[in-house]
file input_33.tsv (TSV, C-alpha atoms)
chain	number	residue	atom	x	y	z
A	1	MET	CA	24.44	40.29	-12.08
A	2	LYS	CA	23.03	38.37	-15.06
A	3	LYS	CA	25.22	35.32	-14.45
A	4	ASN	CA	23.97	35.25	-10.86
A	5	LEU	CA	20.42	34.71	-12.07
A	6	LEU	CA	18.87	31.33	-12.77
A	7	MET	CA	17.86	30.48	-16.33
A	8	TRP	CA	14.14	29.63	-16.64
A	9	ASP	CA	14.79	25.87	-16.75
A	10	GLU	CA	17.40	25.76	-13.96
A	11	THR	CA	16.74	24.62	-10.41
A	12	LEU	CA	18.48	24.90	-7.03
A	13	PHE	CA	17.36	21.38	-6.01
A	14	ARG	CA	19.81	18.55	-6.63
A	15	ASP	CA	17.12	16.11	-5.36
A	16	PRO	CA	13.83	17.69	-4.18
A	17	GLU	CA	12.77	14.39	-2.56
A	18	VAL	CA	15.43	14.85	0.15
A	19	LEU	CA	13.59	17.92	1.50
A	20	GLU	CA	10.26	16.13	1.85
A	21	ILE	CA	9.19	15.45	5.45
A	22	ASP	CA	8.49	11.75	4.82
A	23	TYR	CA	11.82	11.10	3.05
A	24	VAL	CA	13.75	8.17	4.55
A	25	PRO	CA	17.50	8.99	4.33
A	26	GLU	CA	20.01	6.35	3.28
A	27	GLN	CA	22.22	7.29	6.24
A	28	PHE	CA	20.02	7.65	9.32
A	29	GLU	CA	22.01	9.05	12.24
A	30	PHE	CA	21.70	9.33	16.04
A	31	ARG	CA	19.01	6.69	16.62
A	32	ASP	CA	21.15	3.52	16.82
A	33	ASP	CA	20.10	2.64	20.40
A	34	GLN	CA	16.40	2.96	19.60
A	35	MET	CA	16.75	0.98	16.35
A	36	ARG	CA	18.62	-1.80	18.17
A	37	GLU	CA	15.93	-2.00	20.86
A	38	LEU	CA	13.17	-2.08	18.21
A	39	ALA	CA	15.01	-4.80	16.26
A	40	PHE	CA	15.25	-6.85	19.48
A	41	GLN	CA	11.47	-6.51	20.04
A	42	ILE	CA	10.71	-7.49	16.44
A	43	ASN	CA	13.19	-10.39	16.30
A	44	PRO	CA	10.82	-13.23	17.41
A	45	GLY	CA	8.66	-12.37	14.37
A	46	LEU	CA	11.56	-13.12	12.02
A	47	ARG	CA	11.68	-16.65	13.47
A	48	GLY	CA	7.94	-17.25	13.08
A	49	GLY	CA	6.94	-16.21	16.62
A	50	ARG	CA	4.90	-13.24	17.78
A	51	PRO	CA	6.87	-9.95	17.85
A	52	MET	CA	6.97	-8.25	21.24
A	53	ASN	CA	4.91	-5.08	21.55
A	54	SER	CA	6.58	-1.65	21.80
A	55	VAL	CA	5.68	1.97	22.43
A	56	CYS	CA	7.90	4.56	20.72
A	57	LYS	CA	7.51	7.81	22.62
A	58	GLY	CA	9.02	11.22	21.96
A	59	LEU	CA	8.17	14.74	20.84
A	60	PRO	CA	7.30	15.37	17.16
A	61	GLY	CA	10.30	15.36	14.81
A	62	THR	CA	12.53	13.11	16.92
A	63	GLY	CA	12.96	10.29	14.36
A	64	LYS	CA	10.26	7.84	15.51
A	65	THR	CA	8.53	7.44	12.14
A	66	THR	CA	11.80	7.34	10.17
A	67	SER	CA	13.15	4.61	12.50
A	68	ILE	CA	10.06	2.47	11.90
A	69	ARG	CA	10.07	3.05	8.13
A	70	LYS	CA	13.78	2.17	7.98
A	71	LEU	CA	13.26	-1.07	9.91
A	72	PHE	CA	10.20	-1.97	7.85
A	73	GLN	CA	12.23	-1.49	4.64
A	74	GLU	CA	14.86	-3.90	5.99
A	75	ILE	CA	12.23	-6.48	6.97
A	76	GLU	CA	10.65	-6.36	3.50
A	77	GLU	CA	14.05	-6.85	1.86
A	78	THR	CA	14.84	-9.82	4.16
A	79	THR	CA	11.69	-11.95	4.44
A	80	LYS	CA	8.14	-12.52	3.17
A	81	LYS	CA	7.10	-14.33	6.35
A	82	LEU	CA	6.97	-11.22	8.57
A	83	VAL	CA	4.75	-8.56	7.01
A	84	PRO	CA	5.09	-5.03	8.44
A	85	VAL	CA	2.14	-2.65	8.01
A	86	TYR	CA	2.56	1.07	8.70
A	87	ILE	CA	-0.66	2.96	9.60
A	88	ASN	CA	-0.89	6.76	9.81
A	89	CYS	CA	-3.58	7.22	12.48
A	90	GLN	CA	-4.06	10.88	11.56
A	91	ILE	CA	-5.65	9.54	8.36
A	92	ASP	CA	-6.89	6.08	9.38
A	93	ASN	CA	-8.27	6.44	12.89
A	94	THR	CA	-11.10	3.92	13.16
A	95	LYS	CA	-10.98	0.17	13.70
A	96	PHE	CA	-12.47	-0.48	10.23
A	97	ALA	CA	-10.07	1.91	8.44
A	98	ILE	CA	-7.01	0.32	10.13
A	99	ILE	CA	-8.06	-3.27	9.40
A	100	SER	CA	-8.83	-2.21	5.80
A	101	GLN	CA	-5.23	-0.94	5.41
A	102	ILE	CA	-3.90	-4.25	6.77
A	103	TYR	CA	-6.14	-6.12	4.31
A	104	LYS	CA	-4.81	-3.92	1.48
A	105	LYS	CA	-1.20	-4.70	2.42
A	106	LEU	CA	-1.88	-8.45	2.41
A	107	VAL	CA	-4.25	-8.74	-0.56
A	108	GLY	CA	-3.17	-5.81	-2.75
A	109	HIS	CA	-6.38	-3.73	-2.68
A	110	LEU	CA	-8.83	-2.26	-0.19
A	111	PRO	CA	-11.96	-4.25	0.74
A	112	PRO	CA	-15.28	-3.09	-0.82
A	113	SER	CA	-16.27	0.16	0.91
A	114	SER	CA	-19.97	-0.71	1.15
A	115	GLY	CA	-21.76	-3.86	2.21
A	116	THR	CA	-18.69	-5.28	3.99
A	117	SER	CA	-18.71	-5.69	7.76
A	118	PHE	CA	-15.68	-5.32	9.98
A	119	LYS	CA	-15.93	-9.02	10.90
A	120	GLN	CA	-15.81	-10.08	7.23
A	121	VAL	CA	-12.66	-8.00	6.61
A	122	PHE	CA	-10.89	-9.27	9.73
A	123	ASP	CA	-11.92	-12.87	8.95
A	124	ALA	CA	-10.26	-12.48	5.54
A	125	VAL	CA	-7.08	-11.03	7.14
A	126	ALA	CA	-6.87	-13.85	9.71
A	127	ARG	CA	-7.47	-16.56	7.08
A	128	HIS	CA	-4.73	-15.06	4.88
A	129	LEU	CA	-2.24	-14.97	7.78
A	130	LYS	CA	-2.97	-18.59	8.64
A	131	LYS	CA	-2.94	-19.91	5.07
A	132	GLU	CA	0.35	-18.17	4.14
A	133	GLU	CA	1.88	-18.75	7.61
A	134	ILE	CA	2.58	-15.02	7.92
A	135	VAL	CA	3.42	-13.08	11.09
A	136	LEU	CA	1.96	-9.55	11.14
A	137	LEU	CA	3.66	-6.46	12.61
A	138	VAL	CA	1.49	-3.34	12.77
A	139	ALA	CA	2.86	0.17	13.49
A	140	LEU	CA	0.22	2.66	14.64
A	141	ASP	CA	1.81	6.08	14.07
A	142	ASP	CA	0.37	9.11	15.90
A	143	ALA	CA	-1.75	6.70	17.95
A	144	ASN	CA	-2.92	9.61	20.12
A	145	TYR	CA	-5.56	10.05	17.37
A	146	LEU	CA	-7.03	6.72	18.56
A	147	LEU	CA	-7.54	7.88	22.14
A	148	TYR	CA	-10.75	9.50	20.96
A	149	GLU	CA	-13.99	7.47	21.31
A	150	ASN	CA	-12.07	4.49	22.72
A	151	GLU	CA	-10.69	3.44	19.30
A	152	ILE	CA	-7.30	2.51	20.82
A	153	ASN	CA	-8.92	-0.26	22.90
A	154	LYS	CA	-11.00	-1.53	19.97
A	155	VAL	CA	-7.96	-1.69	17.66
A	156	LEU	CA	-5.52	-3.24	20.16
A	157	TYR	CA	-8.12	-5.73	21.43
A	158	THR	CA	-8.83	-6.91	17.86
A	159	LEU	CA	-5.15	-7.31	16.96
A	160	LEU	CA	-3.67	-8.64	20.20
A	161	ARG	CA	-6.42	-11.09	21.15
A	162	SER	CA	-6.98	-12.38	17.61
A	163	HIS	CA	-5.27	-15.71	18.42
A	164	GLU	CA	-8.13	-16.50	20.83
A	165	THR	CA	-10.65	-16.51	17.97
A	166	TYR	CA	-8.32	-17.39	15.09
A	167	GLU	CA	-5.93	-20.00	16.41
A	168	GLY	CA	-2.40	-19.65	15.07
A	169	THR	CA	-2.50	-15.93	14.18
A	170	ARG	CA	0.58	-14.06	15.40
A	171	ILE	CA	0.39	-10.25	15.54
A	172	GLY	CA	2.72	-7.73	17.18
A	173	VAL	CA	2.10	-3.99	17.56
A	174	ILE	CA	4.33	-0.89	17.67
A	175	VAL	CA	2.50	2.18	18.98
A	176	ILE	CA	4.04	5.59	18.19
A	177	ILE	CA	3.07	8.48	20.49
A	178	SER	CA	4.11	12.13	20.09
A	179	ASP	CA	2.29	13.49	23.14
A	180	MET	CA	4.48	13.13	26.23
A	181	ASP	CA	1.46	13.59	28.54
A	182	VAL	CA	-0.18	10.38	27.29
A	183	ASP	CA	0.27	7.36	29.56
A	184	LEU	CA	-0.77	4.48	27.35
A	185	THR	CA	-0.84	1.94	30.20
A	186	ARG	CA	-3.63	4.05	31.74
A	187	ALA	CA	-5.36	4.77	28.44
A	188	VAL	CA	-6.02	1.08	27.66
A	189	ASP	CA	-8.52	-1.05	29.56
A	190	ALA	CA	-7.72	-4.21	31.55
A	191	ARG	CA	-8.62	-6.64	28.74
A	192	VAL	CA	-6.06	-4.95	26.46
A	193	ALA	CA	-3.42	-4.29	29.14
A	194	SER	CA	-3.15	-8.01	29.96
A	195	VAL	CA	-1.99	-8.85	26.40
A	196	PHE	CA	-0.30	-5.55	25.44
A	197	ARG	CA	2.51	-5.17	28.03
A	198	PRO	CA	4.77	-3.07	25.75
A	199	THR	CA	8.41	-2.07	26.12
A	200	GLU	CA	8.68	1.73	26.02
A	201	ILE	CA	11.41	3.13	23.77
A	202	TYR	CA	12.14	6.82	24.33
A	203	PHE	CA	13.27	9.15	21.52
A	204	PRO	CA	14.88	12.25	23.10
A	205	PRO	CA	14.91	15.59	21.26
A	206	TYR	CA	17.93	16.05	18.96
A	207	GLY	CA	20.71	18.23	20.40
A	208	ASP	CA	22.28	21.26	18.65
A	209	ALA	CA	25.14	19.29	17.09
A	210	GLU	CA	22.77	16.51	15.90
A	211	VAL	CA	20.36	18.98	14.26
A	212	ARG	CA	23.32	20.63	12.51
A	213	GLU	CA	24.59	17.28	11.14
A	214	ILE	CA	21.11	16.23	9.96
A	215	MET	CA	20.40	19.58	8.25
A	216	LYS	CA	23.89	19.66	6.71
A	217	ALA	CA	23.30	16.20	5.18
A	218	ARG	CA	19.90	17.27	3.80
A	219	VAL	CA	21.45	20.40	2.26
A	220	MET	CA	24.33	18.41	0.75
A	221	HIS	CA	22.06	15.77	-0.85
A	222	GLY	CA	19.04	17.96	-1.58
A	223	LEU	CA	20.57	21.22	-2.90
A	224	PHE	CA	23.35	22.11	-5.30
A	225	SER	CA	26.67	23.28	-3.87
A	226	GLY	CA	26.67	26.91	-2.68
A	227	VAL	CA	22.86	27.33	-2.68
A	228	LEU	CA	22.81	27.68	1.13
A	229	PRO	CA	25.74	29.84	2.32
A	230	GLU	CA	27.54	28.28	5.30
A	231	GLU	CA	26.67	31.16	7.68
A	232	LEU	CA	22.94	30.71	6.92
A	233	LEU	CA	23.05	27.06	8.01
A	234	ASP	CA	23.43	28.47	11.55
A	235	LEU	CA	20.14	30.33	11.13
A	236	VAL	CA	18.35	27.21	9.82
A	237	VAL	CA	19.64	25.21	12.82
A	238	GLU	CA	18.62	27.98	15.22
A	239	GLN	CA	15.06	28.15	13.81
A	240	THR	CA	14.77	24.34	13.90
A	241	LEU	CA	15.84	24.22	17.54
A	242	LYS	CA	13.47	27.07	18.39
A	243	SER	CA	10.52	25.08	16.99
A	244	GLY	CA	11.71	21.88	18.72
A	245	ASP	CA	10.70	19.87	15.64
A	246	LEU	CA	13.12	18.63	12.99
A	247	ARG	CA	10.30	18.53	10.41
A	248	VAL	CA	9.90	22.30	10.74
A	249	GLY	CA	13.57	22.74	9.78
A	250	ILE	CA	13.24	20.46	6.74
A	251	ASP	CA	10.06	22.21	5.57
A	252	LEU	CA	11.75	25.57	6.18
A	253	LEU	CA	14.70	24.61	3.94
A	254	LYS	CA	12.38	23.55	1.13
A	255	ARG	CA	10.32	26.78	1.32
A	256	ALA	CA	13.43	29.01	1.52
A	257	THR	CA	14.85	27.31	-1.59
A	258	LEU	CA	11.59	27.75	-3.49
A	259	SER	CA	11.57	31.42	-2.45
A	260	ALA	CA	15.09	31.92	-3.89
A	261	GLU	CA	14.09	30.06	-7.08
A	262	ARG	CA	11.03	32.28	-7.51
A	263	ALA	CA	13.32	35.31	-7.35
A	264	ALA	CA	15.63	33.56	-9.91
A	265	ARG	CA	18.55	33.79	-7.46
A	266	ARG	CA	21.33	31.20	-7.31
A	267	ASN	CA	21.44	31.13	-3.52
A	268	ILE	CA	19.23	31.45	-0.45
A	269	GLU	CA	19.24	34.73	1.50
A	270	ARG	CA	18.43	35.47	5.13
A	271	ASP	CA	14.96	36.83	4.23
A	272	ASP	CA	14.08	33.57	2.47
A	273	ILE	CA	14.73	31.65	5.70
A	274	CYS	CA	12.93	34.11	8.00
A	275	GLY	CA	9.92	34.27	5.67
A	276	ALA	CA	9.78	30.47	5.36
A	277	TYR	CA	9.93	30.03	9.16
A	278	GLU	CA	6.77	32.11	9.58
A	279	ILE	CA	4.91	29.41	7.61
A	280	SER	CA	6.84	26.28	8.62
A	281	ARG	CA	6.48	26.91	12.35
A	282	TYR	CA	2.74	26.22	11.94
A	283	LEU	CA	3.35	22.91	10.16
A	284	HIS	CA	1.68	20.80	12.87
A	285	LEU	CA	-1.32	23.14	13.10
A	286	ALA	CA	-1.85	23.20	9.31
A	287	TYR	CA	-1.53	19.43	8.98
A	288	THR	CA	-3.73	18.56	11.98
A	289	VAL	CA	-6.55	20.97	11.11
A	290	LYS	CA	-6.86	19.20	7.72
A	291	THR	CA	-7.60	15.90	9.50
A	292	LEU	CA	-10.48	17.27	11.62
A	293	LYS	CA	-14.13	16.45	10.86
A	294	GLY	CA	-17.08	18.89	10.77
A	295	GLU	CA	-18.07	19.08	14.45
A	296	GLU	CA	-14.41	19.06	15.54
A	297	ARG	CA	-13.64	22.01	13.28
A	298	GLN	CA	-16.67	23.94	14.59
A	299	ILE	CA	-15.64	23.40	18.22
A	300	LEU	CA	-12.03	24.39	17.50
A	301	GLN	CA	-13.32	27.52	15.74
A	302	SER	CA	-15.48	28.38	18.74
A	303	LEU	CA	-12.48	27.91	21.07
A	304	ALA	CA	-10.26	30.10	18.87
A	305	GLU	CA	-12.86	32.90	18.70
A	306	ARG	CA	-13.36	32.80	22.46
A	307	SER	CA	-9.60	32.60	23.10
A	308	ARG	CA	-9.14	36.02	21.50
A	309	LYS	CA	-10.92	37.48	24.53
A	310	GLU	CA	-9.99	35.04	27.32
A	311	HIS	CA	-6.82	32.93	27.50
A	312	GLU	CA	-8.23	30.32	29.91
A	313	MET	CA	-11.67	28.94	29.12
A	314	ASN	CA	-14.01	26.94	31.33
A	315	ALA	CA	-15.19	23.81	29.45
A	316	GLY	CA	-18.75	24.17	30.81
A	317	ASP	CA	-19.02	27.79	29.62
A	318	VAL	CA	-17.64	26.89	26.18
A	319	TYR	CA	-20.21	24.07	25.88
A	320	LYS	CA	-23.09	26.47	26.63
A	321	SER	CA	-22.05	28.78	23.78
A	322	VAL	CA	-21.30	25.89	21.36
A	323	LYS	CA	-24.75	24.36	22.05
A	324	GLU	CA	-26.43	27.48	20.63
A	325	SER	CA	-25.12	26.81	17.11
A	326	LEU	CA	-24.41	23.05	17.25
A	327	SER	CA	-26.88	20.37	18.29
A	328	ILE	CA	-24.54	18.33	20.49
A	329	GLY	CA	-24.66	16.68	23.93
A	330	TYR	CA	-22.04	17.39	26.60
A	331	THR	CA	-20.54	13.89	26.44
A	332	ARG	CA	-19.92	14.22	22.70
A	333	PHE	CA	-18.61	17.79	23.15
A	334	TYR	CA	-16.17	16.62	25.84
A	335	GLU	CA	-14.98	13.68	23.69
A	336	ILE	CA	-14.06	16.17	20.94
A	337	VAL	CA	-12.30	18.46	23.43
A	338	LYS	CA	-10.27	15.44	24.63
A	339	LYS	CA	-9.34	14.66	21.03
A	340	LEU	CA	-8.20	18.26	20.40
A	341	ASP	CA	-6.01	17.89	23.49
A	342	ALA	CA	-4.66	14.48	22.33
A	343	VAL	CA	-3.67	15.92	18.93
A	344	ARG	CA	-1.90	18.88	20.62
A	345	LEU	CA	-4.13	21.73	19.44
A	346	ILE	CA	-5.33	22.65	22.95
A	347	ASN	CA	-4.30	22.02	26.55
A	348	LEU	CA	-6.94	20.52	28.83
A	349	GLN	CA	-6.22	20.87	32.54
A	350	TYR	CA	-8.13	20.28	35.75
A	351	ARG	CA	-8.40	22.85	38.48
A	352	GLU	CA	-9.59	21.93	41.96
A	353	GLY	CA	-12.22	24.21	43.43
A	354	LYS	CA	-15.90	23.50	43.94
A	355	GLY	CA	-15.55	20.16	42.20
A	356	ARG	CA	-13.02	19.75	39.39
A	357	THR	CA	-13.14	22.53	36.81
A	358	ARG	CA	-11.89	21.70	33.34
A	359	ILE	CA	-9.81	24.54	31.91
A	360	ILE	CA	-9.03	24.81	28.18
A	361	THR	CA	-6.22	26.88	26.64
A	362	LEU	CA	-5.24	27.09	22.98
A	363	ARG	CA	-1.70	25.94	22.05
A	364	TYR	CA	-1.53	28.35	19.09
A	365	ASP	CA	-2.29	31.99	18.35
A	366	PRO	CA	-6.11	32.06	17.87
A	367	VAL	CA	-5.75	34.24	14.75
A	368	LYS	CA	-3.56	31.55	13.15
A	369	VAL	CA	-6.01	28.79	14.13
A	370	LEU	CA	-8.89	30.67	12.48
A	371	GLU	CA	-6.72	31.33	9.42
A	372	TYR	CA	-5.93	27.63	8.92
A	373	LEU	CA	-9.56	26.64	9.60
A	374	SER	CA	-10.70	28.89	6.79
call {"tool": "encode", "arguments": {"input": "input_33.tsv", "output": "C-alpha cells"}}
result
Amino acid sequence: MKKNLLMWDETLFRDPEVLEIDYVPEQFEFRDDQMRELAFQINPGLRGGRPMNSVCKGLPGTGKTTSIRKLFQEIEETTKKLVPVYINCQIDNTKFAIISQIYKKLVGHLPPSSGTSFKQVFDAVARHLKKEEIVLLVALDDANYLLYENEINKVLYTLLRSHETYEGTRIGVIVIISDMDVDLTRAVDARVASVFRPTEIYFPPYGDAEVREIMKARVMHGLFSGVLPEELLDLVVEQTLKSGDLRVGIDLLKRATLSAERAARRNIERDDICGAYEISRYLHLAYTVKTLKGEERQILQSLAERSRKEHEMNAGDVYKSVKESLSIGYTRFYEIVKKLDAVRLINLQYREGKGRTRIITLRYDPVKVLEYLS
C-alpha cells in the first residue's frame, strides 16, 4: 500500500492551470462555425474600418468566453491597430467602470478613482483612439448584468454613437449573453437599436461526445497518467451533462483531484467525484452571490427565507415584508428583483388575473442560497 501513497512533495497535477475555469486551451474544439462567424464580423476592424457588432448567445459553459479570448489573443498577436478589450460585466457593471477598463487597456493604468468625471475619461479614450489611429473592439461578457438600471443602454450609446461627438472614432461591440430569455433587441432603446443592429451567433450546448472529448483533453494535459481511471471519466461526463455547464465539470475535476491528493492517494476514486459534484454544481450560485451589493443580498436573503415556506411568491407581498427591515421604494425593489432574474438566481414570471401579477420563484434550493449568502 505504501507505494500507492503520494510522498509529501508529490502532486497529481501535471499542469494545474488546465483545470482552471478561465484557462484558454491551445486546441479549442467544436466551435469552428462560431469562430468563423465572429472573425467575419471583426474583419473590417483589421482593415481600419469599424467592426460589425455581434451578440454571442448560449447557455453558461458553451464556449462563448473562450471563443472571444482565443480570437482576442490572435488579434493581439497580429496587429496593434485593432485593440480588443474584454470586460467581465459581473465585476464591471457600470458605464464608468467599463470605460475605466477600456482606458486602462489603452493607457496602461486605471484613471484616478476620485475627482475624475466620466466625460473626462471618455474624452481621453477618444483622443487616444484618434491620435494612434486605433480601432476599438469591446466584448461585454455576461452583459445581462447591465440590464439592471438601464446600464446596457448607457454603455452601448456611449460606445456606438461616439463617432458623432468624436469624429473618426471607430468602435465595435460584441455582447455575450448567457440567459436565453433575454431579447437584446427589445432590451435596448431606439437610439441604441439604430446603431447596434448586431448579428446573433448561437452557441448550442455541447453534446455527450463533445463533453467527453473536452474533458478527456483536460485530464490528459492537466493530470498525470492514471490519476483518473478510464471508467470514472464516464462519471465526470455524466455529472457535467447533468449540470448542463462545462465549467461545472472542469471545477469538479479539480476538486476531485485535490480530494485524492489530500488523502495522499495516487488516483481519484468515485467518492472524490461525487463529493466534488455536491460543491461544483453550485458554482454559478457561489460566484454570482459574491458579486451582489448590500440591498441585493438582503432581498435575495428575504426571498430565500420566504421560499422555504412557499415556492411561488407574489412580488407585492415580498415587497411589503422587505420594506419592514429595508428602507426602499417599490421601483428600486423591483429593479433589484429584475437583476436577480437577469443573473439567473430567480425566475420572474407574469400571471394574468386581476391585472398582471408578478410571481417570483427561486432557481436554487433556499437552504443553499442562505448558506452561500452567509
call {"tool": "residues_around", "arguments": {"input": "input_33.tsv", "residues": "Leu373 of chain A", "least_positions_apart": "3", "cutoff": "7 Å", "atoms": "all atoms listed in the file", "output": "PyMOL selection string"}}
result
chain A and resi 289+369-370
call {"tool": "residues_around", "arguments": {"input": "input_33.tsv", "residues": "segment 171-181 of chain A", "least_positions_apart": "3", "cutoff": "8 Å", "atoms": "all atoms listed in the file", "output": "list in words"}}
result
Arg50, Pro51, Met52, Asn53, Ser54, Val55, Cys56, Lys57, Gly58, Leu59, Pro60, Lys64, Thr65, Val135, Leu136, Leu137, Val138, Ala139, Leu140, Asp141, Asp142, Ala143, Asn144, Leu159, Leu160, Ser162, Ala342, Val343 and Arg344 of chain A
call {"tool": "residues_around", "arguments": {"input": "input_33.tsv", "residues": "Trp8 of chain A", "least_positions_apart": "3", "cutoff": "12 Å", "atoms": "all atoms listed in the file", "output": "PyMOL selection string"}}
result
chain A and resi 5+11-12+261-266
call {"tool": "residues_around", "arguments": {"input": "input_33.tsv", "residues": "Ile91 of chain A", "least_positions_apart": "5", "cutoff": "12 Å", "atoms": "all atoms listed in the file", "output": "CSV table (one decimal) with C-alpha atoms, in the frame of the given file"}}
result
chain,number,residue,atom,x,y,z
A,86,TYR,CA,2.6,1.1,8.7
A,97,ALA,CA,-10.1,1.9,8.4
A,98,ILE,CA,-7.0,0.3,10.1
A,101,GLN,CA,-5.2,-0.9,5.4
A,140,LEU,CA,0.2,2.7,14.6
A,141,ASP,CA,1.8,6.1,14.1
A,142,ASP,CA,0.4,9.1,15.9
A,143,ALA,CA,-1.8,6.7,18.0
A,145,TYR,CA,-5.6,10.0,17.4
A,146,LEU,CA,-7.0,6.7,18.6
A,287,TYR,CA,-1.5,19.4,9.0
A,288,THR,CA,-3.7,18.6,12.0
A,289,VAL,CA,-6.6,21.0,11.1
A,290,LYS,CA,-6.9,19.2,7.7
A,291,THR,CA,-7.6,15.9,9.5
A,292,LEU,CA,-10.5,17.3,11.6
A,293,LYS,CA,-14.1,16.4,10.9
call {"tool": "residues_around", "arguments": {"input": "input_33.tsv", "residues": "Pro16 of chain A", "least_positions_apart": "2", "cutoff": "12 Å", "atoms": "all atoms listed in the file", "output": "number ranges by chain"}}
result
A: 11-14, 18-21, 23, 218-224, 250-251, 253-255, 257-258
call {"tool": "write_last_selection", "arguments": {"input": "input_33.tsv", "atoms": "C-alpha atoms", "output": "compact mmCIF listing (two decimals), in the coordinates of the input"}}
result
# COMPACT_ATOMS: atom_id res chain seq x y z
CA THR A 11 16.74 24.62 -10.41
CA LEU A 12 18.48 24.90 -7.03
CA PHE A 13 17.36 21.38 -6.01
CA ARG A 14 19.81 18.55 -6.63
CA VAL A 18 15.43 14.85 0.15
CA LEU A 19 13.59 17.92 1.50
CA GLU A 20 10.26 16.13 1.85
CA ILE A 21 9.19 15.45 5.45
CA TYR A 23 11.82 11.10 3.05
CA ARG A 218 19.90 17.27 3.80
CA VAL A 219 21.45 20.40 2.26
CA MET A 220 24.33 18.41 0.75
CA HIS A 221 22.06 15.77 -0.85
CA GLY A 222 19.04 17.96 -1.58
CA LEU A 223 20.57 21.22 -2.90
CA PHE A 224 23.35 22.11 -5.30
CA ILE A 250 13.24 20.46 6.74
CA ASP A 251 10.06 22.21 5.57
CA LEU A 253 14.70 24.61 3.94
CA LYS A 254 12.38 23.55 1.13
CA ARG A 255 10.32 26.78 1.32
CA THR A 257 14.85 27.31 -1.59
CA LEU A 258 11.59 27.75 -3.49
call {"tool": "atom_distance", "arguments": {"input": "input_33.tsv", "atom1": "atom CA of Gly316 of chain A", "atom2": "atom CA of Tyr334 of chain A"}}
result
9.4 Å
call {"tool": "closest_residue", "arguments": {"input": "input_33.tsv", "among": "A:Lys81, A:His311, A:His109, A:Arg306", "to": "Pro44 of chain A", "atoms": "all atoms listed in the file"}}
result
A:Lys81
call {"tool": "closest_residue", "arguments": {"input": "input_33.tsv", "among": "A:Ser100, A:Asn347, A:Glu335, A:Ala315", "to": "Pro112 of chain A", "atoms": "only C-alpha atoms"}}
result
A:Ser100
call {"tool": "closest_residue", "arguments": {"input": "input_33.tsv", "among": "A:Val211, A:Ala124, A:Leu6, A:Leu147", "to": "Gly63 of chain A", "atoms": "all atoms listed in the file"}}
result
A:Val211
call {"tool": "atom_distance", "arguments": {"input": "input_33.tsv", "atom1": "atom CA of Leu46 of chain A", "atom2": "atom CA of Ile99 of chain A"}}
result
22.1 Å
call {"tool": "closest_residue", "arguments": {"input": "input_33.tsv", "among": "A:Val188, A:Ile87, A:Val367, A:Leu300", "to": "Asp341 of chain A", "atoms": "only C-alpha atoms"}}
result
A:Leu300
call {"tool": "closest_residue", "arguments": {"input": "input_33.tsv", "among": "A:Gly115, A:Gly48, A:Pro366, A:Gly61", "to": "Leu82 of chain A", "atoms": "all atoms listed in the file"}}
result
A:Gly48
call {"tool": "atom_distance", "arguments": {"input": "input_33.tsv", "atom1": "atom CA of Thr199 of chain A", "atom2": "atom CA of Pro84 of chain A"}}
result
18.2 Å
call {"tool": "closest_residue", "arguments": {"input": "input_33.tsv", "among": "A:Gln349, A:Thr78, A:Ser374, A:Thr94", "to": "Ala286 of chain A", "atoms": "all atoms listed in the file"}}
result
A:Ser374
call {"tool": "residues_near_point", "arguments": {"input": "input_33.tsv", "point": "(9.7, -1.9, 11.7)", "cutoff": "9 Å", "atoms": "all atoms listed in the file", "output": "NGL selection string"}}
result
:A and (35 or 38-39 or 42 or 67-75 or 84-86 or 137-139 or 174)
call {"tool": "decode", "arguments": {"input": "input_33.tsv", "residues": "segment 33-44 of chain A", "atoms": "N, CA and C atoms", "output": "PDB file, in the first residue's frame"}}
result
ATOM      1  N   ASP A  33     -17.509  26.967 -36.389  1.00  0.00           N
ATOM      2  CA  ASP A  33     -18.507  27.780 -37.109  1.00  0.00           C
ATOM      3  C   ASP A  33     -18.676  29.144 -36.433  1.00  0.00           C
ATOM      4  N   GLN A  34     -18.781  29.109 -35.099  1.00  0.00           N
ATOM      5  CA  GLN A  34     -18.969  30.365 -34.353  1.00  0.00           C
ATOM      6  C   GLN A  34     -17.735  31.265 -34.465  1.00  0.00           C
ATOM      7  N   MET A  35     -16.539  30.658 -34.403  1.00  0.00           N
ATOM      8  CA  MET A  35     -15.299  31.434 -34.507  1.00  0.00           C
ATOM      9  C   MET A  35     -15.170  32.069 -35.893  1.00  0.00           C
ATOM     10  N   ARG A  36     -15.562  31.316 -36.922  1.00  0.00           N
ATOM     11  CA  ARG A  36     -15.506  31.842 -38.295  1.00  0.00           C
ATOM     12  C   ARG A  36     -16.443  33.036 -38.458  1.00  0.00           C
ATOM     13  N   GLU A  37     -17.657  32.891 -37.910  1.00  0.00           N
ATOM     14  CA  GLU A  37     -18.649  33.971 -37.994  1.00  0.00           C
ATOM     15  C   GLU A  37     -18.152  35.218 -37.245  1.00  0.00           C
ATOM     16  N   LEU A  38     -17.585  35.000 -36.057  1.00  0.00           N
ATOM     17  CA  LEU A  38     -17.041  36.130 -35.273  1.00  0.00           C
ATOM     18  C   LEU A  38     -15.905  36.815 -36.027  1.00  0.00           C
ATOM     19  N   ALA A  39     -15.021  35.994 -36.615  1.00  0.00           N
ATOM     20  CA  ALA A  39     -13.880  36.548 -37.373  1.00  0.00           C
ATOM     21  C   ALA A  39     -14.388  37.399 -38.539  1.00  0.00           C
ATOM     22  N   PHE A  40     -15.465  36.941 -39.189  1.00  0.00           N
ATOM     23  CA  PHE A  40     -16.057  37.692 -40.305  1.00  0.00           C
ATOM     24  C   PHE A  40     -16.573  39.051 -39.820  1.00  0.00           C
ATOM     25  N   GLN A  41     -17.224  39.064 -38.642  1.00  0.00           N
ATOM     26  CA  GLN A  41     -17.770  40.306 -38.083  1.00  0.00           C
ATOM     27  C   GLN A  41     -16.664  41.295 -37.704  1.00  0.00           C
ATOM     28  N   ILE A  42     -15.548  40.733 -37.224  1.00  0.00           N
ATOM     29  CA  ILE A  42     -14.434  41.562 -36.739  1.00  0.00           C
ATOM     30  C   ILE A  42     -13.582  42.095 -37.898  1.00  0.00           C
ATOM     31  N   ASN A  43     -13.578  41.359 -39.003  1.00  0.00           N
ATOM     32  CA  ASN A  43     -12.656  41.608 -40.119  1.00  0.00           C
ATOM     33  C   ASN A  43     -12.510  43.067 -40.572  1.00  0.00           C
ATOM     34  N   PRO A  44     -13.608  43.846 -40.710  1.00  0.00           N
ATOM     35  CA  PRO A  44     -13.436  45.246 -41.127  1.00  0.00           C
ATOM     36  C   PRO A  44     -12.484  46.027 -40.207  1.00  0.00           C
TER      37      PRO A  44
END
